[in-house]
>>> print(open('query04.txt').read())   # compact mmCIF, C-alpha atoms
# COMPACT_ATOMS: atom_id res chain seq x y z
CA LEU A 8 -4.06 -14.86 1.27
CA GLN A 9 -5.65 -17.77 -0.55
CA ASN A 10 -2.57 -18.04 -2.76
CA LEU A 11 -0.35 -17.99 0.33
CA GLY A 12 -2.33 -20.93 1.71
CA ALA A 13 -3.19 -18.89 4.84
CA ARG A 14 -5.45 -20.81 7.24
CA ARG A 15 -5.58 -18.49 10.26
CA VAL A 16 -5.42 -14.79 9.45
CA CYS A 17 -5.20 -11.90 11.92
CA LEU A 18 -6.97 -8.72 10.73
CA MET A 19 -5.90 -5.63 12.68
CA THR A 20 -7.66 -2.26 12.64
CA ASP A 21 -9.02 0.37 15.06
CA GLN A 22 -12.43 1.24 16.47
CA ASN A 23 -13.10 4.09 14.02
CA LEU A 24 -12.17 2.17 10.89
CA CYS A 25 -14.39 -0.77 11.85
CA GLN A 26 -17.35 1.37 10.76
CA LEU A 27 -15.77 2.61 7.51
CA PRO A 28 -15.58 1.34 3.89
CA PRO A 29 -11.91 0.18 3.89
CA VAL A 30 -12.50 -2.47 6.57
CA LYS A 31 -15.81 -3.49 4.97
CA ALA A 32 -13.99 -4.03 1.66
CA VAL A 33 -11.46 -6.32 3.36
CA LEU A 34 -14.12 -8.23 5.32
CA ASP A 35 -16.14 -8.77 2.14
CA SER A 36 -13.09 -10.08 0.31
CA LEU A 37 -12.09 -12.45 3.14
CA ALA A 38 -15.66 -13.81 3.38
CA LYS A 39 -15.99 -14.20 -0.38
CA HIS A 40 -12.82 -16.29 -0.58
CA GLY A 41 -13.52 -18.35 2.54
CA ILE A 42 -10.52 -17.08 4.49
CA ASN A 43 -10.63 -17.99 8.19
CA PHE A 44 -9.74 -14.88 10.20
CA GLN A 45 -9.99 -13.20 13.58
CA MET A 46 -10.29 -9.44 13.93
CA TYR A 47 -8.44 -7.31 16.48
CA ASN A 48 -9.99 -3.83 16.38
CA ASN A 49 -8.50 -2.40 19.54
CA VAL A 50 -5.45 -0.67 18.06
CA ARG A 51 -4.76 2.64 19.82
CA VAL A 52 -4.31 5.74 17.68
CA GLU A 53 -0.69 6.70 18.55
CA PRO A 54 0.14 3.33 20.17
CA THR A 55 1.77 2.86 23.58
CA ASP A 56 3.91 0.05 24.95
CA GLN A 57 0.78 -1.32 26.68
CA SER A 58 -1.35 -1.19 23.51
CA PHE A 59 1.45 -2.99 21.63
CA LEU A 60 1.54 -5.66 24.37
CA ASP A 61 -2.24 -6.16 24.17
CA ALA A 62 -2.04 -6.73 20.41
CA ILE A 63 0.99 -9.02 20.83
CA GLU A 64 -0.95 -11.12 23.35
CA PHE A 65 -3.84 -11.46 20.88
CA ALA A 66 -1.39 -12.53 18.14
CA LYS A 67 0.34 -15.09 20.36
CA LYS A 68 -2.96 -16.71 21.38
CA GLY A 69 -4.24 -16.81 17.80
CA GLU A 70 -1.26 -18.70 16.32
CA PHE A 71 -1.82 -16.92 13.02
CA ASP A 72 -0.05 -17.75 9.78
CA ALA A 73 -0.69 -14.35 8.11
CA TYR A 74 -1.60 -10.78 9.07
CA VAL A 75 -3.61 -7.99 7.45
CA ALA A 76 -3.36 -4.40 8.75
CA VAL A 77 -6.09 -1.98 7.62
CA GLY A 78 -5.50 1.55 8.86
CA GLY A 79 -2.98 4.33 9.29
CA GLY A 80 0.52 4.12 10.71
CA SER A 81 -0.74 3.20 14.19
CA VAL A 82 -2.48 0.08 12.87
CA MET A 83 0.33 -0.99 10.56
CA ASP A 84 3.00 -0.45 13.23
CA THR A 85 0.98 -2.37 15.84
CA CYS A 86 0.53 -5.25 13.41
CA LYS A 87 4.28 -5.34 12.64
CA ALA A 88 5.04 -5.59 16.37
CA ALA A 89 2.39 -8.29 16.89
CA ASN A 90 3.85 -10.33 14.03
CA LEU A 91 7.40 -9.95 15.37
CA TYR A 92 6.75 -10.89 18.99
CA ALA A 93 4.34 -13.72 18.13
CA ALA A 94 7.20 -15.15 16.03
CA SER A 95 9.61 -14.65 18.95
CA PRO A 96 7.38 -15.53 21.93
CA ALA A 97 10.16 -15.77 24.52
CA SER A 98 11.34 -12.18 23.86
CA ASP A 99 10.40 -9.32 26.16
CA LEU A 100 9.33 -6.05 24.50
CA LEU A 101 12.68 -4.27 24.96
CA GLN A 102 14.69 -6.97 23.15
CA TYR A 103 14.06 -5.42 19.71
CA VAL A 104 13.31 -1.81 20.75
CA ASN A 105 15.87 0.71 19.53
CA ALA A 106 18.84 1.42 21.79
CA PRO A 107 19.45 3.22 24.11
CA ILE A 108 15.85 2.74 25.36
CA GLY A 109 15.74 -0.94 24.39
CA ARG A 110 18.42 -3.47 23.57
CA GLY A 111 18.08 -3.11 19.80
CA GLN A 112 18.96 -6.74 19.04
CA PRO A 113 18.83 -7.86 15.40
CA VAL A 114 15.77 -9.86 14.30
CA THR A 115 16.76 -13.39 13.30
CA VAL A 116 13.38 -15.20 13.61
CA PRO A 117 11.26 -15.74 10.47
CA LEU A 118 8.05 -13.66 10.43
CA LYS A 119 4.67 -14.45 8.87
CA PRO A 120 3.43 -12.62 5.73
CA LEU A 121 1.87 -9.21 6.48
CA ILE A 122 -0.37 -7.37 4.02
CA ALA A 123 -0.69 -3.65 4.78
CA VAL A 124 -3.68 -1.66 3.51
CA PRO A 125 -3.06 2.02 4.37
CA THR A 126 -6.10 4.27 4.88
CA THR A 127 -4.21 7.55 5.39
CA ALA A 128 -1.87 9.41 3.06
CA GLY A 129 0.96 9.93 5.48
CA THR A 130 3.14 7.45 7.28
CA GLY A 131 4.30 5.26 4.40
CA SER A 132 4.40 2.48 7.03
CA GLU A 133 3.38 -0.06 4.39
CA THR A 134 6.90 0.33 2.93
CA THR A 135 9.08 0.53 6.05
CA GLY A 136 10.68 -1.73 8.62
CA VAL A 137 9.80 0.62 11.49
CA ALA A 138 7.13 0.42 14.23
CA ILE A 139 6.77 3.44 16.57
CA PHE A 140 5.08 3.61 19.98
CA ASP A 141 4.85 5.76 23.12
CA PHE A 142 6.98 4.38 25.95
CA LYS A 143 4.82 5.63 28.79
CA GLU A 144 7.31 5.19 31.63
CA LEU A 145 9.74 7.64 29.99
CA LYS A 146 7.00 9.74 28.30
CA VAL A 147 8.77 9.43 24.98
CA LYS A 148 8.20 7.76 21.65
CA THR A 149 10.57 5.07 20.47
CA GLY A 150 10.25 2.04 18.25
CA ILE A 151 11.57 -1.03 16.52
CA ALA A 152 13.57 -0.69 13.31
CA SER A 153 14.45 -3.77 11.26
CA ARG A 154 14.08 -4.72 7.63
CA ALA A 155 12.63 -8.02 8.90
CA ILE A 156 9.34 -6.37 9.92
CA LYS A 157 8.59 -4.74 6.55
CA PRO A 158 5.17 -5.75 5.20
CA THR A 159 5.21 -8.41 2.49
CA LEU A 160 2.75 -6.40 0.41
CA GLY A 161 1.20 -2.95 0.46
CA ILE A 162 -2.15 -2.40 -1.22
CA ILE A 163 -2.46 1.25 -2.24
CA ASP A 164 -6.10 2.10 -2.93
CA PRO A 165 -6.83 5.84 -2.97
CA LEU A 166 -10.55 5.20 -2.39
CA HIS A 167 -9.58 4.24 1.16
CA THR A 168 -8.46 7.82 1.85
CA LEU A 169 -11.83 9.36 0.99
CA SER A 170 -13.05 8.73 4.54
CA MET A 171 -10.27 10.90 6.05
CA PRO A 172 -11.52 14.14 7.68
CA GLU A 173 -9.84 17.45 6.76
CA ARG A 174 -7.32 17.71 9.62
CA VAL A 175 -6.36 14.05 9.26
CA VAL A 176 -5.59 14.76 5.58
CA ALA A 177 -3.51 17.79 6.59
CA ASN A 178 -1.52 16.17 9.40
CA SER A 179 -0.93 12.98 7.40
CA GLY A 180 0.28 15.13 4.51
CA PHE A 181 2.71 17.00 6.76
CA ASP A 182 4.28 13.65 7.61
CA VAL A 183 4.83 13.00 3.88
CA LEU A 184 6.30 16.50 3.50
CA CYS A 185 8.81 15.94 6.32
CA HIS A 186 9.65 12.39 5.22
CA ALA A 187 10.66 13.79 1.83
CA LEU A 188 12.53 16.85 3.16
CA GLU A 189 14.37 14.99 5.91
CA SER A 190 15.45 12.02 3.79
CA TYR A 191 16.65 14.35 1.01
CA THR A 192 18.73 16.46 3.44
CA ALA A 193 19.90 13.57 5.68
CA LEU A 194 23.57 12.75 6.23
CA PRO A 195 24.83 11.01 3.06
CA TYR A 196 25.12 7.23 3.28
CA ASP A 197 28.88 7.27 2.65
CA GLN A 198 29.47 9.49 5.68
CA ARG A 199 27.85 7.07 8.15
CA SER A 200 30.33 5.44 10.48
CA PRO A 201 31.34 2.99 11.66
CA CYS A 202 30.07 0.56 9.04
CA PRO A 203 29.06 -2.71 10.78
CA ALA A 204 30.89 -5.81 9.60
CA SER A 205 27.69 -7.83 9.30
CA PRO A 206 24.68 -6.76 7.20
CA LEU A 207 22.47 -7.98 10.07
CA ALA A 208 23.85 -5.18 12.27
CA ARG A 209 23.30 -2.44 9.71
CA PRO A 210 20.63 0.10 10.63
CA ALA A 211 17.34 0.20 8.73
CA TYR A 212 18.11 3.86 7.96
CA GLN A 213 21.20 4.21 5.76
CA GLY A 214 21.47 7.98 5.13
CA SER A 215 20.55 9.86 1.95
CA ASN A 216 21.61 8.07 -1.21
CA PRO A 217 21.03 8.31 -4.97
CA ILE A 218 18.02 5.98 -4.87
CA SER A 219 16.23 7.52 -1.89
CA ASP A 220 16.80 10.97 -3.43
CA VAL A 221 14.68 10.01 -6.45
CA TRP A 222 11.72 9.02 -4.26
CA ALA A 223 12.07 12.00 -1.91
CA LEU A 224 12.08 14.60 -4.69
CA HIS A 225 9.23 12.90 -6.53
CA ALA A 226 7.12 12.82 -3.36
CA LEU A 227 7.96 16.46 -2.58
CA ARG A 228 6.76 17.60 -6.02
CA ILE A 229 3.46 15.76 -5.53
CA VAL A 230 2.99 17.32 -2.06
CA ALA A 231 3.62 20.79 -3.51
CA LYS A 232 1.03 20.23 -6.22
CA TYR A 233 -1.70 18.28 -4.43
CA LEU A 234 -1.65 18.59 -0.62
CA LYS A 235 -3.62 21.85 -0.42
CA ARG A 236 -6.15 20.52 -2.91
CA ALA A 237 -6.57 17.24 -1.00
CA ILE A 238 -7.23 19.15 2.24
CA ARG A 239 -9.59 21.75 0.83
CA ASN A 240 -11.78 19.54 -1.34
CA PRO A 241 -12.61 16.04 -0.05
CA GLU A 242 -14.16 15.20 -3.44
CA ASP A 243 -10.91 15.92 -5.33
CA ARG A 244 -10.08 12.31 -6.10
CA GLU A 245 -7.04 13.17 -8.21
CA ALA A 246 -5.49 15.03 -5.26
CA ARG A 247 -6.37 12.30 -2.74
CA ALA A 248 -5.00 9.57 -5.03
CA SER A 249 -1.81 11.55 -5.67
CA MET A 250 -1.18 12.12 -1.95
CA HIS A 251 -1.77 8.43 -1.22
CA LEU A 252 0.92 7.57 -3.77
CA ALA A 253 3.20 10.33 -2.45
CA SER A 254 2.99 8.76 1.00
CA THR A 255 4.20 5.43 -0.40
CA PHE A 256 6.88 7.05 -2.57
CA ALA A 257 8.23 9.04 0.40
CA GLY A 258 8.08 5.84 2.48
CA ILE A 259 10.31 4.02 0.02
CA GLY A 260 12.71 6.97 0.22
CA PHE A 261 12.89 7.53 3.97
CA GLY A 262 12.42 3.82 4.75
CA ASN A 263 15.83 3.44 3.15
CA ALA A 264 17.54 6.78 3.90
CA GLY A 265 15.94 7.70 7.22
CA VAL A 266 14.66 10.93 8.73
CA HIS A 267 16.40 13.27 11.16
CA LEU A 268 15.64 16.18 13.50
CA CYS A 269 11.98 16.95 12.78
CA HIS A 270 11.17 13.34 13.64
CA GLY A 271 13.65 13.06 16.51
CA MET A 272 12.17 16.16 18.16
CA SER A 273 8.58 15.12 17.40
CA TYR A 274 8.68 12.08 19.67
CA PRO A 275 8.79 14.02 22.97
CA ILE A 276 6.31 16.58 21.54
CA SER A 277 3.84 13.71 21.16
CA GLY A 278 4.92 11.83 24.27
CA LEU A 279 4.69 14.78 26.71
CA VAL A 280 1.28 16.00 25.48
CA LYS A 281 -0.81 17.52 28.26
CA THR A 282 -4.39 18.33 27.31
CA TYR A 283 -4.24 19.05 23.57
CA LYS A 284 -6.82 17.19 21.50
CA ALA A 285 -6.54 17.54 17.75
CA LYS A 286 -9.61 18.45 15.73
CA ASP A 287 -11.14 15.63 13.61
CA TYR A 288 -9.52 12.81 15.66
CA ASN A 289 -12.12 10.64 17.37
CA VAL A 290 -10.07 9.46 20.37
CA ASP A 291 -10.59 9.53 24.14
CA HIS A 292 -7.08 10.69 25.06
CA SER A 293 -4.93 13.80 24.61
CA LEU A 294 -3.23 13.60 21.25
CA VAL A 295 -0.76 15.53 19.13
CA PRO A 296 -1.06 13.77 15.74
CA HIS A 297 2.30 12.55 14.50
CA GLY A 298 2.38 14.68 11.34
CA LEU A 299 1.62 17.83 13.34
CA SER A 300 4.31 17.06 15.94
CA VAL A 301 6.81 16.66 13.10
CA VAL A 302 5.99 19.71 11.01
CA LEU A 303 5.88 22.29 13.83
CA THR A 304 9.67 22.24 14.17
CA SER A 305 10.39 22.10 10.44
CA PRO A 306 11.07 25.83 9.82
CA ALA A 307 13.59 25.93 12.69
CA VAL A 308 15.17 22.58 11.80
CA PHE A 309 15.85 23.37 8.14
CA ALA A 310 17.14 26.85 8.98
CA PHE A 311 19.61 25.00 11.25
CA THR A 312 20.64 22.18 8.89
CA ALA A 313 20.97 24.27 5.71
CA GLN A 314 24.59 25.26 6.26
CA ILE A 315 25.32 21.65 5.21
CA ARG A 316 24.27 21.00 1.58
CA PRO A 317 22.49 24.36 1.22
CA GLU A 318 21.81 23.68 -2.46
CA ARG A 319 19.45 20.84 -1.47
CA HIS A 320 17.55 23.12 0.90
CA LEU A 321 17.19 25.74 -1.86
CA GLU A 322 16.02 23.11 -4.33
CA ALA A 323 13.36 21.96 -1.85
CA ALA A 324 12.21 25.56 -1.30
CA GLU A 325 11.86 26.03 -5.05
CA ILE A 326 9.77 22.85 -5.41
CA LEU A 327 7.50 24.18 -2.64
CA GLY A 328 6.96 27.43 -4.55
CA ALA A 329 9.76 29.80 -3.55
CA ASP A 330 11.32 32.11 -6.13
CA ILE A 331 15.04 31.41 -5.65
CA ARG A 332 16.37 33.35 -8.65
CA THR A 333 17.89 36.05 -6.44
CA ALA A 334 18.52 33.90 -3.34
CA ARG A 335 22.10 33.57 -2.15
CA ILE A 336 23.33 30.11 -1.19
CA LYS A 337 24.01 31.17 2.42
CA GLU A 338 20.33 32.17 2.72
CA ALA A 339 19.09 28.67 1.84
CA GLY A 340 17.88 27.83 5.35
CA LEU A 341 15.94 31.06 5.80
CA VAL A 342 14.36 30.72 2.35
CA LEU A 343 13.18 27.16 3.06
CA ALA A 344 12.01 28.11 6.59
CA ASP A 345 9.96 31.04 5.26
CA THR A 346 8.50 28.86 2.50
CA LEU A 347 7.42 26.26 5.06
CA ARG A 348 5.90 28.92 7.34
CA LYS A 349 3.83 30.32 4.49
CA PHE A 350 2.74 26.80 3.50
CA LEU A 351 1.61 26.03 7.08
CA PHE A 352 -0.07 29.41 7.57
CA ASP A 353 -2.11 28.88 4.39
CA LEU A 354 -3.33 25.58 5.85
CA ASN A 355 -4.38 26.97 9.27
CA VAL A 356 -1.75 25.06 11.22
CA ASP A 357 -1.49 25.81 14.97
CA ASP A 358 0.93 28.65 15.69
CA GLY A 359 3.83 26.61 17.00
CA LEU A 360 4.37 24.52 20.12
CA ALA A 361 2.80 27.21 22.34
CA ALA A 362 -0.53 26.66 20.56
CA ILE A 363 -0.56 22.96 21.49
CA GLY A 364 0.15 23.52 25.17
CA TYR A 365 3.93 23.92 25.55
CA SER A 366 5.86 26.80 27.10
CA PRO A 367 9.59 27.62 27.44
CA ALA A 368 9.48 25.87 30.85
CA ASP A 369 8.94 22.56 28.99
CA ILE A 370 12.08 22.88 26.85
CA PRO A 371 14.44 20.92 29.17
CA ALA A 372 12.01 17.97 29.20
CA LEU A 373 11.58 18.15 25.41
CA VAL A 374 15.38 18.12 24.98
CA ARG A 375 15.72 15.15 27.36
CA GLY A 376 13.11 13.30 25.32
CA THR A 377 15.03 13.98 22.09
CA LEU A 378 18.44 12.81 23.30
CA PRO A 379 17.66 9.04 23.21
CA GLN A 380 16.42 9.31 19.59
CA GLU A 381 19.89 8.65 18.19
CA ARG A 382 18.50 6.33 15.52
CA VAL A 383 17.32 9.49 13.72
CA THR A 384 19.13 12.47 15.28
CA LYS A 385 22.49 11.07 14.13
CA LEU A 386 21.20 11.28 10.55
CA SER A 387 21.04 15.06 10.77
CA PRO A 388 23.58 16.50 8.33
CA ARG A 389 24.64 18.93 11.08
CA PRO A 390 25.51 17.54 14.53
CA GLN A 391 23.62 19.16 17.40
CA THR A 392 24.31 19.85 21.08
CA GLU A 393 21.73 20.00 23.86
CA GLU A 394 21.93 23.80 23.57
CA ASP A 395 21.18 23.56 19.84
CA LEU A 396 18.12 21.40 20.52
CA ALA A 397 16.89 23.83 23.19
CA ALA A 398 17.25 26.71 20.71
CA LEU A 399 15.31 24.76 18.06
CA PHE A 400 12.43 24.10 20.49
CA GLU A 401 12.51 27.77 21.54
CA ALA A 402 12.34 28.89 17.90
CA SER A 403 9.39 26.54 17.33
CA MET A 404 7.23 27.94 20.16
CA ARG A 405 5.70 30.39 17.65
CA LEU A 406 5.78 30.03 13.87
CA TYR A 407 4.19 33.17 12.48
>>> encode(input="query04.txt", output="structure tokens")
Amino acid sequence: LQNLGARRVCLMTDQNLCQLPPVKAVLDSLAKHGINFQMYNNVRVEPTDQSFLDAIEFAKKGEFDAYVAVGGGSVMDTCKAANLYAASPASDLLQYVNAPIGRGQPVTVPLKPLIAVPTTAGTGSETTGVAIFDFKELKVKTGIASRAIKPTLGIIDPLHTLSMPERVVANSGFDVLCHALESYTALPYDQRSPCPASPLARPAYQGSNPISDVWALHALRIVAKYLKRAIRNPEDREARASMHLASTFAGIGFGNAGVHLCHGMSYPISGLVKTYKAKDYNVDHSLVPHGLSVVLTSPAVFAFTAQIRPERHLEAAEILGADIRTARIKEAGLVLADTLRKFLFDLNVDDGLAAIGYSPADIPALVRGTLPQERVTKLSPRPQTEEDLAALFEASMRLY
């Protein structure tokens, strides 16, 4: 920040992290180097449109020339939005929000530098041009996707993940797992259509491609080796450090390729939450953590998508520990689904959507909440109807 010549810095974090070592490390550094800053510590875990607007208001009033986000995806995404709308003060919130919920206009204003310091091993938000929030009026998650809002710098310090409780490690890790699996199996980049004439109109998510594949597979191998260790032993610094890197690696992959159905279906699962409160999350509202909402549909989703590029689904199953020597190619989806179920069962994951408060009566609302998520659902290698989505939610009610 000193080298950037920053004179007024906005530090964003949340109420929990204020008391923890990562924020203290940043505060000490800012004080030591005489950086003038103001702290906003009111970020909501799983942000809403209102919590975004509160942070945006703070940013507009502060007239900051640089931003620092210390936290998980919620903090980093909130800081991206604050930076964007402070730089474009005449814009209403929906101007840049993804269509069809918002107007999805391209970002043409210059943004201030943003340094992201992730404290979870999950979202990879320090690498992506995406900011996700709950749009309360529609009870659905949506977001802003533009390369313009990518952080300038991500500082990856595994020591910052040592303060994560067990279930936060697990659910963050499931997000990494699905980022890798979804970006590796996404619709290939050369099958996207139509291709916009101007690069400004191109989506942030391009479809799977030879570069994103490298990151996705690398991240998947790390998850297979280290996630269980990171959850089961908080002192296992090698596992925690490896998962923190895997989160960033997967972020580089999916931040370029995109994700598909697990994420598209997760947004209404989070947005329509009734009374479920996840263990180890110190919040005062009902909450389905993002990684949990994503992974609960993964066995059903990959059983469904595997008829397209089944060899990739089999390869993923093998990385996650399946013996595929006798598996037939047409069984790829079932093999990967069973591998994922075993993985989740070993880690005490809730037994499907029923265990977090949903019933078959909720399926129509869950489908309605998925339909606007075209930014990601159209990246599924296999197109899906409303009936297909209903069947996927039905199959995800129970996992084991």
>>> closest_atom_pairs(input="query04.txt", of="segment 150-216 of chain A", to="segment 386-389 of chain A", cutoff="7 Å", atoms="all atoms listed in the file", output="tab-separated table")
residue	atom	partner	partner_atom	distance
A:Thr192	CA	A:Pro388	CA	6.9
A:Ala193	CA	A:Pro388	CA	5.4
A:Leu194	CA	A:Pro388	CA	4.3
A:Gly214	CA	A:Leu386	CA	6.4
>>> closest_residue(input="query04.txt", among="A:Gln314, A:Gln9, A:Ser98, A:Gln213", to="Lys39 of chain A", atoms="only C-alpha atoms")
A:Gln9
>>> atom_distance(input="query04.txt", atom1="atom CA of Val308 of chain A", atom2="atom CA of Leu341 of chain A")
10.4 Å
>>> atom_distance(input="query04.txt", atom1="atom CA of Asp287 of chain A", atom2="atom CA of Val176 of chain A")
9.8 Å
>>> closest_residue(input="query04.txt", among="A:Leu8, A:Val290, A:Ala397, A:Leu268", to="Pro367 of chain A", atoms="all atoms listed in the file")
A:Ala397
>>> closest_residue(input="query04.txt", among="A:Ala362, A:Ala187, A:Val137, A:Ala128", to="Ser170 of chain A", atoms="only C-alpha atoms")
A:Ala128
>>> axis_aligned_box(input="query04.txt", around="segment 363-377 of chain A", padding_each_side="4 Å", output="lines of an AutoDock Vina configuration file")
center_x = 7.6
center_y = 20.5
center_z = 26.2
size_x = 24.3
size_y = 22.3
size_z = 17.4
>>> residues_around(input="query04.txt", residues="Ser366 of chain A", least_positions_apart="2", cutoff="12 Å", atoms="all atoms listed in the file", output="list in words")
Ile276, Val280, Lys281, Gly359, Leu360, Ala361, Ala362, Ile363, Gly364, Ala368, Asp369, Ile370, Pro371, Ala372, Leu373, Phe400, Glu401, Ala402, Ser403, Met404 and Arg405 of chain A
>>> atom_distance(input="query04.txt", atom1="atom CA of Leu160 of chain A", atom2="atom CA of Ile122 of chain A")
4.9 Å
>>> closest_residue(input="query04.txt", among="A:Gly150, A:Gly258, A:Pro120, A:Pro203", to="Glu53 of chain A", atoms="only C-alpha atoms")
A:Gly150
>>> residues_around(input="query04.txt", residues="Glu133 of chain A", least_positions_apart="2", cutoff="8 Å", atoms="only C-alpha atoms", output="list in words")
Met83, Ala123, Val124, Pro125, Gly131, Thr135, Lys157, Pro158, Leu160, Gly161, Thr255 and Gly258 of chain A
>>> residues_around(input="query04.txt", residues="Ala62 of chain A", least_positions_apart="6", cutoff="8 Å", atoms="only C-alpha atoms", output="VMD selection string")
chain A and resid 47 49 to 50 85 to 86 89
>>> residues_around(input="query04.txt", residues="Gly69 of chain A", least_positions_apart="5", cutoff="10 Å", atoms="only C-alpha atoms", output="list in words")
Arg15, Val16, Cys17, Phe44, Gln45, Ile63, Glu64 and Ala93 of chain A
